[in-house]
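Undergrad: Please read through the structure below; I'll follow up with questions.
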Amino acid sequence: MPGTPRERAREQTLQDITRIGREQLASVGGAALSLRAVARDLGVVSSAVYRYVKSRDELLTLLVVDGYNELGDAVEAAVASAAGPREQFLALGRAVREWALREPARYGLLFGSPVPGYDAPGEQTTTPGTRVIYALVGIFDNAFRAGKLAADAAAPIDDRLATDLDRVRAELGLTTPDHLLARGVLVWSALFGAVNFEVFGQYGADTFTTPGALFEHHLAVLAETAGLPAA
């Protein structure tokens with residue numbers, strides 16, 4: 001925490017605003033967030049809150065960054081505690097699901113329907129928003145470098161797609177070849193798709209009595225798809 005009394009007071013107030021914003025998000029949703037309501041729950045006049053957060057959109061950005069960072073912390077801790085690329089991938093997937101089920105409103109803000117009229121500023125949200133992606137990419141690329149990532153090319157790579165994959169590989173500093181990189185994108189989208197279906201109730205209330213078992217099956221299939229076979 002910053003050292004001066006003024007800096008400590010500002011940091012504490014921002015933490016309080018974020019906490020109340022999270023509570024509002026869970027109760028009324030992102031579109032209905034209100035700085036006046038935050039001020040009321042904080043026990044101050046609205047003008048006091050506006051000194052820290054100037055608009056509903058700034059409050060949403062605060063919550064988006066907070067959510068991405070908390071999810072990123074959970075994923076990175078889970079990956080660090082696992083030994084071996086397959087185990088790291090499974091730990092990452094479980095951490096995403098556990099956080100999403102524990103924080104459905106915040107997960108919905110990050111990965112659900114966009115809040116009408118809100119456009120997240122990339123300069124503030126891109127870095128925290130890509131922490132999970134970088135963790136996932138790191139698992140796959142490190143496994144490939146160690147000779148532990150292998151899968152046959154199941155389908156041809158279109159020239160235009162190959163160009164996109166070249167750009168992604170250069171931007172992220174990867175060595176993974178096209179067919180494994182494309183599989184990694186499939187695994188990334190499928191992982192979050194499985195979490196979304198469970199969090200947002202898309203399977204239906206009575207379709208699967210043990211959704212955790214279904215998710216574990218999905219994770220195992222996705223590990224195979226990525227090229228991380230069981231030992």
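Ordering of the structure tokens sets the chain letters (A, B, ...); residue numbers start at 1 within each chain; ligands are numbered from 1 in the order shown.
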Do a neighbour search on Leu181 of chain A at 12 Å with only C-alpha atoms, toss out local chain neighbours closer than 2 positions, and write the hits as a PyMOL selection string.

TA: chain A and resi 136-141+144+149-153+157+161-162+164-169+172+174-179+183-188+225-227

Undergrad: Keeping only N, CA, C and O atoms, write the selected residues as a CSV table (one decimal), in the first residue's frame.

TA:
chain,number,residue,atom,x,y,z
A,136,LEU,N,-2.2,-20.0,-20.1
A,136,LEU,CA,-2.5,-21.1,-20.9
A,136,LEU,C,-1.5,-21.3,-22.0
A,136,LEU,O,-1.0,-22.4,-22.3
A,137,VAL,N,-1.2,-20.2,-22.7
A,137,VAL,CA,-0.2,-20.3,-23.8
A,137,VAL,C,1.2,-20.7,-23.3
A,137,VAL,O,1.9,-21.5,-23.9
A,138,GLY,N,1.5,-20.2,-22.1
A,138,GLY,CA,2.8,-20.6,-21.5
A,138,GLY,C,2.9,-22.1,-21.2
A,138,GLY,O,3.9,-22.7,-21.4
A,139,ILE,N,1.8,-22.7,-20.7
A,139,ILE,CA,1.8,-24.2,-20.5
A,139,ILE,C,2.0,-24.9,-21.8
A,139,ILE,O,2.8,-25.8,-21.9
A,140,PHE,N,1.3,-24.5,-22.9
A,140,PHE,CA,1.4,-25.2,-24.1
A,140,PHE,C,2.8,-25.0,-24.8
A,140,PHE,O,3.4,-26.0,-25.2
A,141,ASP,N,3.3,-23.8,-24.7
A,141,ASP,CA,4.6,-23.6,-25.4
A,141,ASP,C,5.7,-24.2,-24.6
A,141,ASP,O,6.6,-24.8,-25.2
A,144,PHE,N,5.7,-27.8,-25.4
A,144,PHE,CA,6.2,-28.1,-26.8
A,144,PHE,C,7.8,-28.0,-26.8
A,144,PHE,O,8.4,-28.9,-27.3
A,149,LEU,N,4.4,-31.9,-25.9
A,149,LEU,CA,3.2,-31.5,-26.6
A,149,LEU,C,3.2,-32.1,-28.0
A,149,LEU,O,4.1,-31.7,-28.8
A,150,ALA,N,2.3,-32.9,-28.3
A,150,ALA,CA,2.3,-33.5,-29.6
A,150,ALA,C,0.9,-33.9,-30.1
A,150,ALA,O,0.2,-34.5,-29.3
A,151,ALA,N,0.6,-33.6,-31.3
A,151,ALA,CA,-0.7,-34.0,-31.9
A,151,ALA,C,-0.6,-33.9,-33.4
A,151,ALA,O,0.1,-33.0,-33.9
A,152,ASP,N,-1.3,-34.8,-34.1
A,152,ASP,CA,-1.2,-34.8,-35.5
A,152,ASP,C,-2.0,-33.6,-36.1
A,152,ASP,O,-2.9,-33.1,-35.4
A,153,ALA,N,-1.6,-33.2,-37.2
A,153,ALA,CA,-2.4,-32.1,-37.9
A,153,ALA,C,-3.7,-32.7,-38.4
A,153,ALA,O,-3.7,-33.5,-39.4
A,157,ILE,N,-4.3,-26.1,-42.7
A,157,ILE,CA,-4.3,-24.7,-42.3
A,157,ILE,C,-4.4,-23.8,-43.5
A,157,ILE,O,-3.5,-23.8,-44.3
A,161,LEU,N,-5.3,-18.2,-42.4
A,161,LEU,CA,-5.2,-18.5,-41.0
A,161,LEU,C,-3.7,-18.7,-40.6
A,161,LEU,O,-3.3,-18.2,-39.5
A,162,ALA,N,-2.9,-19.2,-41.5
A,162,ALA,CA,-1.5,-19.3,-41.2
A,162,ALA,C,-0.9,-18.0,-41.0
A,162,ALA,O,0.0,-17.8,-40.1
A,164,ASP,N,-2.4,-15.3,-39.8
A,164,ASP,CA,-2.8,-14.9,-38.4
A,164,ASP,C,-2.0,-15.6,-37.4
A,164,ASP,O,-1.6,-15.0,-36.4
A,165,LEU,N,-1.8,-16.9,-37.5
A,165,LEU,CA,-1.1,-17.7,-36.5
A,165,LEU,C,0.4,-17.2,-36.5
A,165,LEU,O,1.0,-17.2,-35.4
A,166,ASP,N,1.0,-16.8,-37.6
A,166,ASP,CA,2.3,-16.3,-37.6
A,166,ASP,C,2.4,-15.0,-36.8
A,166,ASP,O,3.3,-14.8,-36.0
A,167,ARG,N,1.4,-14.2,-36.9
A,167,ARG,CA,1.3,-12.9,-36.2
A,167,ARG,C,1.2,-13.2,-34.7
A,167,ARG,O,1.9,-12.6,-33.8
A,168,VAL,N,0.3,-14.1,-34.3
A,168,VAL,CA,0.1,-14.5,-32.9
A,168,VAL,C,1.4,-15.0,-32.3
A,168,VAL,O,1.8,-14.7,-31.2
A,169,ARG,N,2.0,-15.9,-33.1
A,169,ARG,CA,3.3,-16.6,-32.6
A,169,ARG,C,4.4,-15.5,-32.4
A,169,ARG,O,5.1,-15.6,-31.4
A,172,LEU,N,3.5,-13.3,-29.2
A,172,LEU,CA,3.6,-13.9,-27.9
A,172,LEU,C,5.0,-14.6,-27.7
A,172,LEU,O,5.2,-15.2,-26.7
A,174,LEU,N,6.2,-17.3,-29.4
A,174,LEU,CA,6.0,-18.8,-29.3
A,174,LEU,C,6.8,-19.5,-30.3
A,174,LEU,O,7.3,-19.0,-31.3
A,175,THR,N,7.0,-20.8,-30.0
A,175,THR,CA,7.6,-21.7,-31.0
A,175,THR,C,6.7,-22.8,-31.5
A,175,THR,O,7.0,-23.5,-32.4
A,176,THR,N,5.5,-22.8,-31.0
A,176,THR,CA,4.5,-23.8,-31.3
A,176,THR,C,4.1,-23.8,-32.8
A,176,THR,O,3.8,-22.7,-33.3
A,177,PRO,N,4.1,-24.9,-33.5
A,177,PRO,CA,3.8,-24.9,-34.9
A,177,PRO,C,2.3,-24.6,-35.1
A,177,PRO,O,1.5,-24.7,-34.2
A,178,ASP,N,1.9,-24.3,-36.4
A,178,ASP,CA,0.5,-23.9,-36.7
A,178,ASP,C,-0.5,-24.9,-36.2
A,178,ASP,O,-1.5,-24.4,-35.5
A,179,HIS,N,-0.4,-26.2,-36.4
A,179,HIS,CA,-1.5,-27.1,-36.1
A,179,HIS,C,-1.7,-27.2,-34.6
A,179,HIS,O,-2.8,-27.3,-34.1
A,183,ARG,N,-4.9,-25.7,-32.4
A,183,ARG,CA,-5.6,-26.6,-31.4
A,183,ARG,C,-5.7,-25.8,-30.0
A,183,ARG,O,-6.7,-25.9,-29.3
A,184,GLY,N,-4.6,-25.1,-29.7
A,184,GLY,CA,-4.6,-24.3,-28.5
A,184,GLY,C,-5.8,-23.3,-28.4
A,184,GLY,O,-6.4,-23.1,-27.4
A,185,VAL,N,-6.0,-22.6,-29.6
A,185,VAL,CA,-7.1,-21.7,-29.7
A,185,VAL,C,-8.5,-22.4,-29.4
A,185,VAL,O,-9.3,-21.9,-28.7
A,186,LEU,N,-8.6,-23.6,-30.0
A,186,LEU,CA,-9.8,-24.4,-29.8
A,186,LEU,C,-10.0,-24.7,-28.4
A,186,LEU,O,-11.1,-24.6,-27.8
A,187,VAL,N,-8.9,-25.2,-27.7
A,187,VAL,CA,-9.0,-25.5,-26.3
A,187,VAL,C,-9.4,-24.3,-25.5
A,187,VAL,O,-10.2,-24.4,-24.5
A,188,TRP,N,-8.8,-23.2,-25.7
A,188,TRP,CA,-9.1,-21.9,-25.0
A,188,TRP,C,-10.6,-21.6,-25.1
A,188,TRP,O,-11.2,-21.4,-24.1
A,225,THR,N,-6.9,-33.0,-26.8
A,225,THR,CA,-7.0,-32.2,-28.0
A,225,THR,C,-5.8,-31.3,-28.2
A,225,THR,O,-5.2,-31.1,-29.3
A,226,ALA,N,-5.3,-30.7,-27.1
A,226,ALA,CA,-4.2,-29.8,-27.1
A,226,ALA,C,-2.9,-30.5,-27.4
A,226,ALA,O,-1.9,-29.9,-27.9
A,227,GLY,N,-2.8,-31.9,-27.1
A,227,GLY,CA,-1.6,-32.6,-27.4
A,227,GLY,C,-0.9,-33.0,-26.1
A,227,GLY,O,0.3,-33.2,-26.0

Undergrad: Do you know which residues are at most 8 Å from segment 103-109 of chain A counting only C-alpha atoms, after dropping those on the same chain fewer than 5 positions away, and could you put them as JSON, numbers by chain?

TA: {"A": [22, 25, 26, 29, 30, 63, 64, 67, 114, 115, 199]}

Undergrad: Just to be explicit: take each residue in the selection above, keep N, CA, C and O atoms, and write the result as a PDB file, in the first residue's frame.

TA:
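For reference, selection07.pdb as written:
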ATOM      1  N   ARG A  22     -18.854  -4.295  -6.325  1.00  0.00           N
ATOM      2  CA  ARG A  22     -19.044  -5.740  -6.510  1.00  0.00           C
ATOM      3  C   ARG A  22     -20.387  -6.181  -5.937  1.00  0.00           C
ATOM      4  O   ARG A  22     -21.086  -7.019  -6.530  1.00  0.00           O
ATOM      5  N   LEU A  25     -23.048  -5.052  -8.293  1.00  0.00           N
ATOM      6  CA  LEU A  25     -23.019  -5.863  -9.506  1.00  0.00           C
ATOM      7  C   LEU A  25     -23.783  -7.164  -9.287  1.00  0.00           C
ATOM      8  O   LEU A  25     -24.554  -7.599 -10.148  1.00  0.00           O
ATOM      9  N   ALA A  26     -23.595  -7.779  -8.129  1.00  0.00           N
ATOM     10  CA  ALA A  26     -24.269  -9.041  -7.828  1.00  0.00           C
ATOM     11  C   ALA A  26     -25.767  -8.857  -7.630  1.00  0.00           C
ATOM     12  O   ALA A  26     -26.551  -9.762  -7.927  1.00  0.00           O
ATOM     13  N   GLY A  29     -26.802  -5.909 -11.301  1.00  0.00           N
ATOM     14  CA  GLY A  29     -26.217  -6.064 -12.626  1.00  0.00           C
ATOM     15  C   GLY A  29     -25.431  -4.842 -13.065  1.00  0.00           C
ATOM     16  O   GLY A  29     -25.579  -3.745 -12.519  1.00  0.00           O
ATOM     17  N   GLY A  30     -24.593  -5.038 -14.081  1.00  0.00           N
ATOM     18  CA  GLY A  30     -23.710  -3.976 -14.526  1.00  0.00           C
ATOM     19  C   GLY A  30     -24.424  -2.761 -15.085  1.00  0.00           C
ATOM     20  O   GLY A  30     -24.002  -1.624 -14.861  1.00  0.00           O
ATOM     21  N   LEU A  63     -14.165  -2.431 -11.773  1.00  0.00           N
ATOM     22  CA  LEU A  63     -14.625  -3.787 -11.468  1.00  0.00           C
ATOM     23  C   LEU A  63     -14.074  -4.803 -12.464  1.00  0.00           C
ATOM     24  O   LEU A  63     -13.764  -5.947 -12.091  1.00  0.00           O
ATOM     25  N   VAL A  64     -13.966  -4.415 -13.729  1.00  0.00           N
ATOM     26  CA  VAL A  64     -13.406  -5.313 -14.739  1.00  0.00           C
ATOM     27  C   VAL A  64     -11.945  -5.630 -14.415  1.00  0.00           C
ATOM     28  O   VAL A  64     -11.529  -6.804 -14.409  1.00  0.00           O
ATOM     29  N   GLY A  67     -11.757  -7.830 -11.339  1.00  0.00           N
ATOM     30  CA  GLY A  67     -12.145  -9.201 -11.624  1.00  0.00           C
ATOM     31  C   GLY A  67     -11.080  -9.960 -12.389  1.00  0.00           C
ATOM     32  O   GLY A  67     -10.733 -11.102 -12.044  1.00  0.00           O
ATOM     33  N   PRO A 114     -22.216  -8.032 -23.050  1.00  0.00           N
ATOM     34  CA  PRO A 114     -21.670  -6.699 -22.803  1.00  0.00           C
ATOM     35  C   PRO A 114     -22.687  -5.801 -22.109  1.00  0.00           C
ATOM     36  O   PRO A 114     -23.896  -5.928 -22.320  1.00  0.00           O
ATOM     37  N   VAL A 115     -22.190  -4.901 -21.274  1.00  0.00           N
ATOM     38  CA  VAL A 115     -23.060  -3.909 -20.651  1.00  0.00           C
ATOM     39  C   VAL A 115     -23.393  -2.849 -21.699  1.00  0.00           C
ATOM     40  O   VAL A 115     -22.487  -2.264 -22.306  1.00  0.00           O
ATOM     41  N   VAL A 199     -22.082 -21.758 -15.720  1.00  0.00           N
ATOM     42  CA  VAL A 199     -22.367 -20.554 -14.933  1.00  0.00           C
ATOM     43  C   VAL A 199     -23.697 -19.933 -15.327  1.00  0.00           C
ATOM     44  O   VAL A 199     -24.478 -19.503 -14.473  1.00  0.00           O
TER      45      VAL A 199
END

Undergrad: Which residues are close to segment 79-95 of chain A, i.e. within 6 Å by only C-alpha atoms, leaving aside same-chain residues fewer than 2 positions away? Reply as a list of chain:residue names.

TA: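 Residues near the query, excluding close chain neighbours: A:Val75, A:Glu76, A:Ala77, A:Arg97, A:Glu98, A:Ile139, A:Ala143, A:Leu228.
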
Undergrad: Considering only C-alpha atoms, return as a PyMOL selection string whatever protein or nucleic-acid residues lie within 12 Å of Val53 of chain A, sequence-local ones (same chain, fewer than 6 positions apart) excluded.

TA: chain A and resi 10+13-18+21+34-36+38-39+46-47+59-63

Undergrad: I'd like the interatomic distance between atom CA of Ser27 of chain A and atom CA of Leu214 of chain A, to a tenth of an Å.

TA: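 Pair atom CA of Ser27 of chain A / atom CA of Leu214 of chain A returns 29.1 Å.
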
Undergrad: Could you name the residues that touch Pro128 of chain A at 8 Å or less, counting only C-alpha atoms, but leaving out those on the same chain fewer than 4 positions away, as a PyMOL selection string?

TA: chain A and resi 65+68-69+72+124

Undergrad: Pull all heavy atoms from the residues just selected and write them as a PDB file, in the first residue's frame.

TA:
ATOM      1  N   VAL A  65     -11.163  -4.613 -14.137  1.00  0.00           N
ATOM      2  CA  VAL A  65      -9.745  -4.816 -13.807  1.00  0.00           C
ATOM      3  C   VAL A  65      -9.613  -5.647 -12.535  1.00  0.00           C
ATOM      4  O   VAL A  65      -8.797  -6.577 -12.453  1.00  0.00           O
ATOM      5  CB  VAL A  65      -9.026  -3.463 -13.667  1.00  0.00           C
ATOM      6  CG1 VAL A  65      -7.616  -3.653 -13.111  1.00  0.00           C
ATOM      7  CG2 VAL A  65      -8.973  -2.745 -15.015  1.00  0.00           C
ATOM      8  N   TYR A  68     -10.546  -9.340 -13.431  1.00  0.00           N
ATOM      9  CA  TYR A  68      -9.493  -9.997 -14.210  1.00  0.00           C
ATOM     10  C   TYR A  68      -8.285 -10.330 -13.329  1.00  0.00           C
ATOM     11  O   TYR A  68      -7.692 -11.404 -13.459  1.00  0.00           O
ATOM     12  CB  TYR A  68      -9.046  -9.098 -15.362  1.00  0.00           C
ATOM     13  CG  TYR A  68      -9.885  -9.188 -16.611  1.00  0.00           C
ATOM     14  CD1 TYR A  68     -10.234  -8.026 -17.322  1.00  0.00           C
ATOM     15  CD2 TYR A  68     -10.311 -10.418 -17.117  1.00  0.00           C
ATOM     16  CE1 TYR A  68     -10.982  -8.094 -18.487  1.00  0.00           C
ATOM     17  CE2 TYR A  68     -11.066 -10.493 -18.281  1.00  0.00           C
ATOM     18  CZ  TYR A  68     -11.396  -9.328 -18.959  1.00  0.00           C
ATOM     19  OH  TYR A  68     -12.139  -9.400 -20.116  1.00  0.00           O
ATOM     20  N   ASN A  69      -7.905  -9.392 -12.464  1.00  0.00           N
ATOM     21  CA  ASN A  69      -6.729  -9.628 -11.636  1.00  0.00           C
ATOM     22  C   ASN A  69      -6.972 -10.709 -10.591  1.00  0.00           C
ATOM     23  O   ASN A  69      -6.085 -11.518 -10.308  1.00  0.00           O
ATOM     24  CB  ASN A  69      -6.286  -8.328 -10.967  1.00  0.00           C
ATOM     25  CG  ASN A  69      -5.433  -7.471 -11.888  1.00  0.00           C
ATOM     26  OD1 ASN A  69      -4.695  -7.986 -12.720  1.00  0.00           O
ATOM     27  ND2 ASN A  69      -5.537  -6.166 -11.746  1.00  0.00           N
ATOM     28  N   GLY A  72      -6.886 -13.896 -12.491  1.00  0.00           N
ATOM     29  CA  GLY A  72      -5.497 -14.153 -12.861  1.00  0.00           C
ATOM     30  C   GLY A  72      -4.678 -14.654 -11.690  1.00  0.00           C
ATOM     31  O   GLY A  72      -3.872 -15.583 -11.832  1.00  0.00           O
ATOM     32  N   GLN A 124      -6.364  -0.024 -20.073  1.00  0.00           N
ATOM     33  CA  GLN A 124      -6.487  -0.408 -18.675  1.00  0.00           C
ATOM     34  C   GLN A 124      -6.833  -1.881 -18.489  1.00  0.00           C
ATOM     35  O   GLN A 124      -6.488  -2.469 -17.459  1.00  0.00           O
ATOM     36  CB  GLN A 124      -7.567   0.453 -17.988  1.00  0.00           C
ATOM     37  CG  GLN A 124      -7.202   1.914 -17.866  1.00  0.00           C
ATOM     38  CD  GLN A 124      -8.364   2.717 -17.312  1.00  0.00           C
ATOM     39  OE1 GLN A 124      -9.045   3.439 -18.024  1.00  0.00           O
ATOM     40  NE2 GLN A 124      -8.588   2.588 -16.019  1.00  0.00           N
TER      41      GLN A 124
END
